[in-house]
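> Here you go, input05.cif (mmCIF, C-alpha atoms):
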data_my_file
loop_
_atom_site.group_PDB
_atom_site.id
_atom_site.type_symbol
_atom_site.label_atom_id
_atom_site.label_comp_id
_atom_site.auth_asym_id
_atom_site.auth_seq_id
_atom_site.Cartn_x
_atom_site.Cartn_y
_atom_site.Cartn_z
ATOM 1 C CA MET A 1 -2.256 -28.757 15.084
ATOM 2 C CA SER A 2 -5.634 -29.521 16.638
ATOM 3 C CA VAL A 3 -8.988 -30.698 15.310
ATOM 4 C CA GLU A 4 -12.333 -29.529 16.667
ATOM 5 C CA ASN A 5 -15.666 -31.350 16.237
ATOM 6 C CA VAL A 6 -14.026 -34.472 14.823
ATOM 7 C CA GLY A 7 -16.196 -36.308 12.306
ATOM 8 C CA GLN A 8 -18.956 -33.682 12.353
ATOM 9 C CA ASP A 9 -20.142 -31.390 9.568
ATOM 10 C CA ASP A 10 -18.467 -28.409 11.221
ATOM 11 C CA GLN A 11 -15.090 -30.120 11.738
ATOM 12 C CA THR A 12 -12.326 -27.514 12.011
ATOM 13 C CA ILE A 13 -8.537 -27.781 11.748
ATOM 14 C CA ASN A 14 -6.432 -25.237 13.673
ATOM 15 C CA ILE A 15 -2.698 -24.667 13.275
ATOM 16 C CA ASP A 16 -1.057 -22.887 16.226
ATOM 17 C CA ILE A 17 2.517 -21.589 16.399
ATOM 18 C CA ASP A 18 4.691 -20.550 19.338
ATOM 19 C CA GLY A 19 8.207 -19.554 18.339
ATOM 20 C CA GLU A 20 10.282 -17.400 16.009
ATOM 21 C CA VAL A 21 8.685 -16.700 12.623
ATOM 22 C CA TYR A 22 10.847 -15.446 9.732
ATOM 23 C CA THR A 23 10.390 -15.157 5.987
ATOM 24 C CA THR A 24 12.208 -17.747 3.867
ATOM 25 C CA GLY A 25 15.379 -16.574 2.169
ATOM 26 C CA ALA A 26 15.374 -12.947 3.322
ATOM 27 C CA ARG A 27 15.078 -14.016 6.990
ATOM 28 C CA THR A 28 12.949 -10.972 7.730
ATOM 29 C CA LYS A 29 11.501 -11.260 11.221
ATOM 30 C CA VAL A 30 7.725 -11.534 11.353
ATOM 31 C CA TRP A 31 6.922 -12.346 14.984
ATOM 32 C CA SER A 32 8.325 -13.960 18.102
ATOM 33 C CA GLY A 33 5.819 -15.781 20.275
ATOM 34 C CA VAL A 34 2.265 -17.052 19.896
ATOM 35 C CA CYS A 35 0.612 -16.731 16.487
ATOM 36 C CA ALA A 36 -1.996 -18.679 14.539
ATOM 37 C CA ILE A 37 -3.135 -19.578 11.048
ATOM 38 C CA SER A 38 -6.781 -19.003 10.240
ATOM 39 C CA SER A 39 -8.964 -22.070 10.798
ATOM 40 C CA PHE A 40 -9.780 -24.522 8.021
ATOM 41 C CA GLU A 41 -13.480 -25.221 8.364
ATOM 42 C CA ASN A 42 -15.198 -28.155 6.687
ATOM 43 C CA GLY A 43 -17.243 -26.920 3.728
ATOM 44 C CA SER A 44 -15.591 -23.478 3.606
ATOM 45 C CA GLU A 45 -13.285 -22.500 0.770
ATOM 46 C CA SER A 46 -9.742 -21.338 1.593
ATOM 47 C CA THR A 47 -8.161 -19.559 -1.373
ATOM 48 C CA LEU A 48 -4.646 -18.427 -2.217
ATOM 49 C CA LEU A 49 -4.242 -14.811 -3.333
ATOM 50 C CA GLN A 50 -3.231 -14.435 -6.989
ATOM 51 C CA TYR A 51 -0.733 -11.882 -8.331
ATOM 52 C CA THR A 52 0.646 -10.896 -11.712
ATOM 53 C CA ASN A 53 4.377 -10.768 -12.343
ATOM 54 C CA GLU A 54 4.223 -7.047 -11.491
ATOM 55 C CA GLY A 55 2.710 -7.641 -8.049
ATOM 56 C CA GLU A 56 -0.823 -6.600 -8.990
ATOM 57 C CA GLN A 57 -3.737 -8.577 -7.588
ATOM 58 C CA THR A 58 -5.778 -10.642 -9.988
ATOM 59 C CA GLY A 59 -8.862 -12.751 -9.383
ATOM 60 C CA ASP A 60 -11.738 -12.250 -6.974
ATOM 61 C CA VAL A 61 -9.895 -12.682 -3.656
ATOM 62 C CA GLU A 62 -8.644 -9.414 -2.177
ATOM 63 C CA ASN A 63 -5.794 -9.042 0.275
ATOM 64 C CA SER A 64 -7.410 -7.295 3.220
ATOM 65 C CA VAL A 65 -7.560 -7.732 6.960
ATOM 66 C CA ALA A 66 -11.229 -8.782 6.593
ATOM 67 C CA ASN A 67 -10.645 -11.432 3.925
ATOM 68 C CA THR A 68 -12.490 -14.509 5.165
ATOM 69 C CA ASN A 69 -11.582 -16.736 2.201
ATOM 70 C CA GLY A 70 -7.827 -16.260 2.344
ATOM 71 C CA ILE A 71 -5.338 -18.218 4.447
ATOM 72 C CA MET A 72 -3.983 -15.792 7.055
ATOM 73 C CA LEU A 73 -1.180 -15.849 9.589
ATOM 74 C CA MET A 74 -2.183 -13.649 12.513
ATOM 75 C CA TRP A 75 -0.417 -12.294 15.581
ATOM 76 C CA ARG A 76 -0.665 -9.213 17.817
ATOM 77 C CA GLY A 77 -0.020 -6.967 14.825
ATOM 78 C CA ALA A 78 -0.370 -3.699 16.735
ATOM 79 C CA ALA A 79 2.579 -4.764 18.916
ATOM 80 C CA SER A 80 4.904 -5.456 15.984
ATOM 81 C CA THR A 81 8.288 -3.766 15.977
ATOM 82 C CA ALA A 82 9.207 -1.382 13.188
ATOM 83 C CA GLN A 83 11.645 -2.549 10.557
ATOM 84 C CA THR A 84 13.024 -1.202 7.309
ATOM 85 C CA ILE A 85 11.823 -2.788 4.064
ATOM 86 C CA ALA A 86 13.061 -1.340 0.752
ATOM 87 C CA GLY A 87 14.259 1.768 2.590
ATOM 88 C CA MET A 88 10.892 2.430 4.273
ATOM 89 C CA VAL A 89 9.976 1.920 7.924
ATOM 90 C CA MET A 90 6.892 -0.225 8.458
ATOM 91 C CA GLU A 91 5.224 -2.541 10.960
ATOM 92 C CA PHE A 92 3.836 -5.861 9.719
ATOM 93 C CA ARG A 93 0.254 -6.428 10.908
ATOM 94 C CA TYR A 94 -0.742 -9.739 9.258
ATOM 95 C CA CYS A 95 0.053 -11.835 6.191
ATOM 96 C CA GLN A 96 -1.809 -14.034 3.742
ATOM 97 C CA PHE A 97 -0.617 -16.808 1.480
ATOM 98 C CA GLY A 98 -0.738 -16.619 -2.294
ATOM 99 C CA GLN A 99 0.746 -17.342 -5.701
ATOM 100 C CA MET A 100 2.538 -14.993 -8.086
ATOM 101 C CA ALA A 101 3.016 -15.426 -11.823
ATOM 102 C CA THR A 102 6.632 -15.833 -12.932
ATOM 103 C CA VAL A 103 5.942 -14.639 -16.495
ATOM 104 C CA ASP A 104 4.277 -11.560 -17.970
ATOM 105 C CA GLY A 105 0.755 -11.566 -19.351
ATOM 106 C CA GLU A 106 -2.683 -12.695 -18.246
ATOM 107 C CA VAL A 107 -2.716 -15.007 -15.211
ATOM 108 C CA THR A 108 -4.575 -18.280 -15.762
ATOM 109 C CA SER A 109 -4.604 -21.707 -14.132
ATOM 110 C CA LYS A 110 -1.806 -22.744 -16.524
ATOM 111 C CA THR A 111 0.454 -19.762 -15.819
ATOM 112 C CA PRO A 112 3.766 -20.722 -14.106
ATOM 113 C CA LYS A 113 3.653 -19.416 -10.533
ATOM 114 C CA GLN A 114 5.649 -19.265 -7.337
ATOM 115 C CA ARG A 115 4.380 -19.383 -3.778
ATOM 116 C CA VAL A 116 4.391 -16.041 -1.950
ATOM 117 C CA ILE A 117 3.270 -14.490 1.313
ATOM 118 C CA ALA A 118 1.649 -11.067 1.190
ATOM 119 C CA PHE A 119 1.936 -8.778 4.217
ATOM 120 C CA GLY A 120 -0.314 -5.963 5.299
ATOM 121 C CA ALA A 121 1.561 -3.263 7.210
ATOM 122 C CA GLN A 122 1.377 0.205 8.653
ATOM 123 C CA LEU A 123 3.838 2.478 6.896
ATOM 124 C CA SER A 124 5.652 5.144 8.890
ATOM 125 C CA PRO A 125 4.987 8.626 7.427
ATOM 126 C CA ASP A 126 8.340 9.956 8.654
ATOM 127 C CA PHE A 127 9.423 10.769 5.110
ATOM 128 C CA LEU A 128 6.302 12.920 4.573
ATOM 129 C CA VAL A 129 5.727 14.885 7.768
ATOM 130 C CA PRO A 130 7.491 17.973 9.115
ATOM 131 C CA SER A 131 9.458 17.831 12.348
ATOM 132 C CA ASN A 132 6.768 19.798 14.199
ATOM 133 C CA PHE A 133 4.074 17.178 13.611
ATOM 134 C CA ASP A 134 2.192 16.180 16.770
ATOM 135 C CA TRP A 135 2.322 12.372 16.835
ATOM 136 C CA SER A 136 -0.265 12.249 19.623
ATOM 137 C CA ASN A 137 -2.910 13.087 17.016
ATOM 138 C CA ARG A 138 -2.568 9.652 15.430
ATOM 139 C CA LYS A 139 -5.539 7.375 16.125
ATOM 140 C CA THR A 140 -5.712 3.713 17.130
ATOM 141 C CA SER A 141 -8.380 1.303 15.901
ATOM 142 C CA ALA A 142 -10.489 -1.021 18.058
ATOM 143 C CA MET A 143 -8.595 -4.060 16.745
ATOM 144 C CA GLU A 144 -5.262 -2.474 17.599
ATOM 145 C CA VAL A 145 -6.462 -1.614 21.107
ATOM 146 C CA ALA A 146 -7.537 -5.237 21.628
ATOM 147 C CA GLN A 147 -4.207 -6.554 20.323
ATOM 148 C CA LEU A 148 -2.234 -4.222 22.585
ATOM 149 C CA LYS A 149 -4.275 -5.297 25.639
ATOM 150 C CA MET A 150 -3.359 -8.916 24.906
ATOM 151 C CA ALA A 151 0.302 -7.996 25.355
ATOM 152 C CA SER A 152 -0.137 -7.935 29.136
ATOM 153 C CA SER A 153 -1.614 -11.448 29.300
ATOM 154 C CA ASN A 154 -0.691 -14.993 28.350
ATOM 155 C CA TYR A 155 -2.929 -14.985 25.313
ATOM 156 C CA THR A 156 -3.738 -18.057 23.248
ATOM 157 C CA PRO A 157 -4.053 -18.694 19.487
ATOM 158 C CA SER A 158 -7.814 -19.033 19.992
ATOM 159 C CA GLN A 159 -7.926 -15.498 21.390
ATOM 160 C CA LEU A 160 -6.059 -14.247 18.319
ATOM 161 C CA ARG A 161 -8.657 -15.829 16.054
ATOM 162 C CA ASP A 162 -11.453 -14.422 18.212
ATOM 163 C CA VAL A 163 -10.088 -10.870 17.933
ATOM 164 C CA GLN A 164 -9.671 -11.360 14.193
ATOM 165 C CA ASP A 165 -13.262 -12.566 13.770
ATOM 166 C CA ARG A 166 -14.678 -9.847 16.015
ATOM 167 C CA TYR A 167 -12.854 -6.779 14.708
ATOM 168 C CA ALA A 168 -11.644 -7.532 11.145
ATOM 169 C CA GLU A 169 -14.539 -5.898 9.289
ATOM 170 C CA ASP A 170 -14.409 -2.852 11.577
ATOM 171 C CA GLN A 171 -10.649 -2.637 10.973
ATOM 172 C CA GLU A 172 -11.121 -2.621 7.203
ATOM 173 C CA GLU A 173 -13.754 0.117 7.459
ATOM 174 C CA TRP A 174 -11.500 2.058 9.813
ATOM 175 C CA GLU A 175 -8.562 1.850 7.401
ATOM 176 C CA ASP A 176 -10.791 3.094 4.578
ATOM 177 C CA ALA A 177 -12.060 5.942 6.750
ATOM 178 C CA GLU A 178 -8.508 6.905 7.702
ATOM 179 C CA GLY A 179 -7.565 7.199 4.023
ATOM 180 C CA GLY A 180 -6.259 10.717 3.475
ATOM 181 C CA SER A 181 -4.622 10.886 6.910
ATOM 182 C CA LEU A 182 -1.224 9.828 8.244
ATOM 183 C CA ASN A 183 -2.444 6.356 9.204
ATOM 184 C CA LEU A 184 -0.846 4.745 6.168
ATOM 185 C CA TYR A 185 -1.891 1.107 5.738
ATOM 186 C CA ILE A 186 -0.452 -0.699 2.741
ATOM 187 C CA HIS A 187 -0.948 -4.221 1.428
ATOM 188 C CA ASP A 188 0.667 -6.751 -0.902
ATOM 189 C CA ILE A 189 4.240 -6.613 0.419
ATOM 190 C CA LEU A 190 5.433 -9.792 -1.252
ATOM 191 C CA PHE A 191 8.013 -12.340 -0.128
ATOM 192 C CA GLY A 192 8.825 -15.622 -1.848
ATOM 193 C CA GLY A 193 12.280 -17.140 -1.398
ATOM 194 C CA GLY A 194 13.306 -13.595 -0.456
ATOM 195 C CA PHE A 195 11.879 -10.086 -0.689
ATOM 196 C CA ILE A 196 10.053 -9.624 -4.020
ATOM 197 C CA GLY A 197 8.552 -6.152 -3.695
ATOM 198 C CA PHE A 198 5.239 -4.344 -3.442
ATOM 199 C CA ASN A 199 2.909 -2.415 -5.701
ATOM 200 C CA THR A 200 0.473 -0.262 -3.768
ATOM 201 C CA SER A 201 -1.296 3.084 -3.565
ATOM 202 C CA VAL A 202 -2.492 4.989 -0.512
ATOM 203 C CA GLU A 203 -4.397 8.224 0.116
ATOM 204 C CA VAL A 204 -2.560 10.679 2.341
ATOM 205 C CA GLU A 205 -2.846 14.160 3.824
ATOM 206 C CA VAL A 206 0.409 15.901 4.647
ATOM 207 C CA PRO A 207 0.046 18.563 7.364
ATOM 208 C CA SER A 208 1.280 22.103 7.008
ATOM 209 C CA TYR A 209 5.032 22.510 7.069
ATOM 210 C CA ALA A 210 4.811 26.069 8.410
ATOM 211 C CA ASP A 211 2.260 28.566 9.725
ATOM 212 C CA GLY A 212 0.223 30.021 6.887
ATOM 213 C CA LEU A 213 0.749 27.081 4.540
ATOM 214 C CA PRO A 214 -2.088 24.647 3.837
ATOM 215 C CA SER A 215 -2.079 20.899 4.201
ATOM 216 C CA VAL A 216 -1.721 18.846 1.024
ATOM 217 C CA GLU A 217 -4.123 16.070 0.095
ATOM 218 C CA GLY A 218 -3.149 13.489 -2.463
ATOM 219 C CA THR A 219 -2.196 9.956 -3.456
ATOM 220 C CA LEU A 220 1.096 8.213 -2.832
ATOM 221 C CA ASP A 221 1.975 5.445 -5.319
ATOM 222 C CA LEU A 222 4.746 3.031 -4.374
ATOM 223 C CA LYS A 223 6.147 0.229 -6.508
ATOM 224 C CA VAL A 224 9.285 -1.751 -5.780
ATOM 225 C CA MET A 225 9.526 -4.750 -8.083
ATOM 226 C CA ASN A 226 12.200 -6.682 -9.985
ATOM 227 C CA ASN A 227 14.990 -4.607 -8.387
ATOM 228 C CA GLU A 228 13.513 -1.385 -9.796
ATOM 229 C CA TYR A 229 11.165 1.162 -8.250
ATOM 230 C CA THR A 230 8.499 3.716 -9.132
ATOM 231 C CA ILE A 231 7.429 6.444 -6.718
ATOM 232 C CA GLY A 232 4.618 8.832 -7.558
ATOM 233 C CA VAL A 233 2.957 11.645 -5.623
ATOM 234 C CA GLN A 234 -0.041 13.631 -6.799
ATOM 235 C CA GLY A 235 -1.930 16.141 -4.723
ATOM 236 C CA SER A 236 -3.575 19.505 -4.339
ATOM 237 C CA ALA A 237 -3.579 22.394 -1.882
ATOM 238 C CA ASP A 238 -5.790 25.453 -1.410
ATOM 239 C CA MET A 239 -3.761 28.593 -0.807
ATOM 240 C CA MET A 240 -5.305 31.838 0.424
ATOM 241 C CA ALA A 241 -5.391 33.416 -3.054
ATOM 242 C CA PHE A 242 -5.261 30.416 -5.385
ATOM 243 C CA GLU A 243 -5.153 26.625 -5.579
ATOM 244 C CA MET A 244 -2.380 24.332 -6.759
ATOM 245 C CA GLU A 245 -2.125 20.838 -8.191
ATOM 246 C CA ALA A 246 1.074 18.935 -8.789
ATOM 247 C CA GLU A 247 2.187 15.437 -9.689
ATOM 248 C CA ILE A 248 5.599 13.837 -9.966
ATOM 249 C CA ARG A 249 6.495 10.244 -10.752
ATOM 250 C CA LEU A 250 10.003 8.785 -10.646
ATOM 251 C CA ARG A 251 11.153 5.442 -12.056
ATOM 252 C CA SER A 252 14.536 3.848 -11.622
ATOM 253 C CA ASN A 253 16.955 2.500 -14.186
ATOM 254 C CA ASN A 254 19.832 0.521 -12.684
ATOM 255 C CA GLY A 255 19.100 2.229 -9.365
ATOM 256 C CA ILE A 256 19.177 5.761 -10.832
ATOM 257 C CA PRO A 257 15.959 7.811 -10.429
ATOM 258 C CA ILE A 258 14.546 9.093 -13.733
ATOM 259 C CA PRO A 259 11.607 11.563 -13.913
ATOM 260 C CA ASP A 260 8.687 9.928 -15.706
ATOM 261 C CA LYS A 261 5.900 12.453 -15.106
ATOM 262 C CA LEU A 262 6.045 16.111 -14.136
ATOM 263 C CA TYR A 263 2.887 18.215 -13.901
ATOM 264 C CA PHE A 264 1.996 21.516 -12.248
ATOM 265 C CA TYR A 265 -1.147 23.650 -12.245
ATOM 266 C CA ALA A 266 -2.115 26.855 -10.451
ATOM 267 C CA GLY A 267 -5.566 28.395 -10.670
ATOM 268 C CA GLY A 268 -8.350 30.220 -8.888
ATOM 269 C CA PHE A 269 -6.891 33.670 -9.560
ATOM 270 C CA THR A 270 -9.439 36.500 -9.317
ATOM 271 C CA PRO A 271 -10.114 38.211 -11.597
ATOM 272 C CA GLY A 272 -7.376 36.507 -13.645
ATOM 273 C CA ILE A 273 -5.484 37.586 -16.762
ATOM 274 C CA ASN A 274 -7.514 39.278 -19.480
ATOM 275 C CA VAL A 275 -6.390 38.076 -22.928
ATOM 276 C CA ASP A 276 -8.689 39.968 -25.289
ATOM 277 C CA GLY A 277 -8.292 43.513 -23.965
ATOM 278 C CA MET A 278 -12.053 43.818 -23.692
ATOM 279 C CA GLY A 279 -12.694 42.049 -20.408
ATOM 280 C CA VAL A 280 -14.461 39.099 -22.017
ATOM 281 C CA PHE A 281 -11.904 36.280 -21.859
ATOM 282 C CA TRP A 282 -9.913 35.723 -18.690
ATOM 283 C CA ILE A 283 -7.334 33.084 -17.808
ATOM 284 C CA LYS A 284 -7.869 32.076 -14.199
ATOM 285 C CA GLY A 285 -5.429 29.191 -14.135
ATOM 286 C CA ALA A 286 -2.729 27.511 -16.152
ATOM 287 C CA GLY A 287 -0.380 24.591 -15.938
ATOM 288 C CA GLY A 288 1.422 21.957 -17.901
ATOM 289 C CA GLY A 289 3.682 18.954 -17.788
ATOM 290 C CA ILE A 290 5.019 15.863 -19.461
ATOM 291 C CA ASP A 291 4.157 12.164 -19.097
ATOM 292 C CA ASN A 292 5.816 8.861 -20.100
ATOM 293 C CA LEU A 293 9.223 10.485 -20.215
ATOM 294 C CA PHE A 294 10.896 7.289 -18.984
ATOM 295 C CA GLU A 295 9.698 5.305 -22.012
ATOM 296 C CA THR A 296 10.981 8.093 -24.248
ATOM 297 C CA ILE A 297 14.466 7.752 -22.808
ATOM 298 C CA TYR A 298 14.440 3.977 -22.233
ATOM 299 C CA PRO A 299 11.942 2.413 -24.679
ATOM 300 C CA SER A 300 10.972 -1.046 -23.482
ATOM 301 C CA SER A 301 9.702 -2.382 -26.790
ATOM 302 C CA SER A 302 12.037 -0.713 -29.244
ATOM 303 C CA GLY A 303 15.700 -1.056 -29.940
ATOM 304 C CA THR A 304 16.050 2.591 -30.885
ATOM 305 C CA ALA A 305 17.531 5.232 -28.634
ATOM 306 C CA TYR A 306 14.502 7.518 -28.926
ATOM 307 C CA ASN A 307 10.784 6.980 -28.684
ATOM 308 C CA ALA A 308 8.507 9.972 -29.168
ATOM 309 C CA SER A 309 5.812 8.566 -26.890
ATOM 310 C CA ALA A 310 5.973 11.203 -24.172
ATOM 311 C CA LYS A 311 2.767 13.226 -23.823
ATOM 312 C CA ARG A 312 2.977 16.963 -23.353
ATOM 313 C CA THR A 313 0.042 18.638 -21.608
ATOM 314 C CA ILE A 314 -0.943 22.312 -21.387
ATOM 315 C CA ARG A 315 -4.006 23.316 -19.412
ATOM 316 C CA PHE A 316 -5.751 26.691 -19.278
ATOM 317 C CA VAL A 317 -8.870 27.577 -17.275
#
Mind turning this structure into structure tokens?

Amino acid sequence: MSVENVGQDDQTINIDIDGEVYTTGARTKVWSGVCAISSFENGSESTLLQYTNEGEQTGDVENSVANTNGIMLMWRGAASTAQTIAGMVMEFRYCQFGQMATVDGEVTSKTPKQRVIAFGAQLSPDFLVPSNFDWSNRKTSAMEVAQLKMASSNYTPSQLRDVQDRYAEDQEEWEDAEGGSLNLYIHDILFGGGFIGFNTSVEVEVPSYADGLPSVEGTLDLKVMNNEYTIGVQGSADMMAFEMEAEIRLRSNNGIPIPDKLYFYAGGFTPGINVDGMGVFWIKGAGGGIDNLFETIYPSSSGTAYNASAKRTIRFV
């Protein structure tokens, strides 16, 4: 630990680390070598991230690479090695410190909480892309280029903070701009006395699996929490003669995947299906599905074996 500008209005405390960094309990490797905690500047507020018991952010402080109010542990994130977390391959890029409620309900100053660390990471899209995908098309941000260049030098904690200050806002904008591509950046991967889980959503575009097929644009929802998981995918694709939309969401019960939402729609047919025999009314698309099926099978608030809460949807255009 070092102190800059001792006794002055802009006094700053720096905490530098050089060694092996692991998470507590799970012993998941974070980094080996030089890393640094964001500076504590006199007169500036440093805030812990706040999470509900389901891993959702609450409060005004957001977990992002450009968060200037949070307490961050930083390292050469672009040079991190891939590792498997909850069955998915990802590379940790940074982490911030926070608190997570240990009970359900609204989070207040009186809510019982535990200390957590929240990682931001790049998620490997291996489970989404076809084998013929050209990995050379993936882009690298300015911050990642700077971090990779540091790998060939004896960099210092001060240089890590400098790169963070210089490129963090650009990195956040770059991640937003890359939404809907295969640069999958996720946040709020929570550890606290062990791996807790994550609850995140990311925009993605899956390339064509074969010649003549379109790419698929959509949203990937991932939740792994309290030893259970929810995985949801919703997206759309424009075919040559029509367009399609689909959504599927799976939840687990004792490790067994259970469909919770199933939806499919196809439309854009020309001229369509005439239903009145006079050429006035045409159906140009149709679809349907079911939602909240999991709660119908496993009601969370009822002791009965059946709950007619599932929503059935039929759509005609």
> Each residue of segment 22-136 of chain A lying at most 10 Å from segment 197-202 of chain A should get a row with its shortest atom-to-atom pair and the distance in Å to one decimal, counting all atoms listed in the file; could you produce that, ordered by chain and increasing number, as JSON lines?

{"residue": "A:Glu54", "atom": "CA", "partner": "A:Asn199", "partner_atom": "CA", "distance": 7.5}
{"residue": "A:Gly55", "atom": "CA", "partner": "A:Asn199", "partner_atom": "CA", "distance": 5.7}
{"residue": "A:Glu56", "atom": "CA", "partner": "A:Asn199", "partner_atom": "CA", "distance": 6.5}
{"residue": "A:Gln57", "atom": "CA", "partner": "A:Asn199", "partner_atom": "CA", "distance": 9.3}
{"residue": "A:Ile85", "atom": "CA", "partner": "A:Gly197", "partner_atom": "CA", "distance": 9.1}
{"residue": "A:Ala86", "atom": "CA", "partner": "A:Gly197", "partner_atom": "CA", "distance": 8.0}
{"residue": "A:Ala118", "atom": "CA", "partner": "A:Phe198", "partner_atom": "CA", "distance": 8.9}
{"residue": "A:Phe119", "atom": "CA", "partner": "A:Phe198", "partner_atom": "CA", "distance": 9.4}
> To one decimal place, how far is atom CA of Met74 of chain A from atom CA of Met100 of chain A in Å?
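Separating atom CA of Met74 of chain A from atom CA of Met100 of chain A is a distance of 21.2 Å.
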> Taking the file above as input, evaluate the PyMOL selection byres ((chain A and resi 3-15) around 7) and report the hits as a PyMOL selection string.
chain A and resi 1-2+16-17+36-37+39-42
> Using only C-alpha atoms, can you tell me which of A:Ala78, A:Leu220, A:Leu123, A:Ile231 comes closest to Met143 of chain A?
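Distance minimum relative to Met143 of chain A lands on A:Ala78.
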> Find, counting all atoms listed in the file, the residue in A:Ser141, A:Ser124, A:Gln114, A:Asn67 that gets nearest to Met88 of chain A.
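Under the stated criterion, the closest residue is A:Ser124.
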> Tell me, in Å to one decimal, how far atom CA of Ile71 of chain A is from atom CA of Leu184 of chain A.
23.5 Å
> If I take atom CA of Tyr185 of chain A and atom CA of Cys35 of chain A, how far is one from the other in Å, to one decimal?
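The value is 21.0 Å.
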> Using only C-alpha atoms, can you tell me which of A:Glu144, A:Glu178, A:Glu205, A:Glu243 comes closest to Tyr94 of chain A?
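Smallest separation from Tyr94 of chain A among the options: A:Glu144.
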> So which residues fall inside 6 Å of (-5.8, -16.2, -5.2) if we count all atoms listed in the file? Mind giving them as a VMD selection string?
chain A and resid 47 to 50 61 98
> Please determine the residues with any atom at most 7 Å from (-2.7, 11.0, -1.0) (coordinates as given in the file, with all atoms listed in the file counting) and report them as a ChimeraX atom specification.
/A:180,202-205,217-220,234-235
> Quick one: which residues end up in the PyMOL selection byres ((chain A and resi 248) around 8) for this structure, as a VMD selection string?
chain A and resid 232 to 234 246 to 247 249 to 250 259 to 263
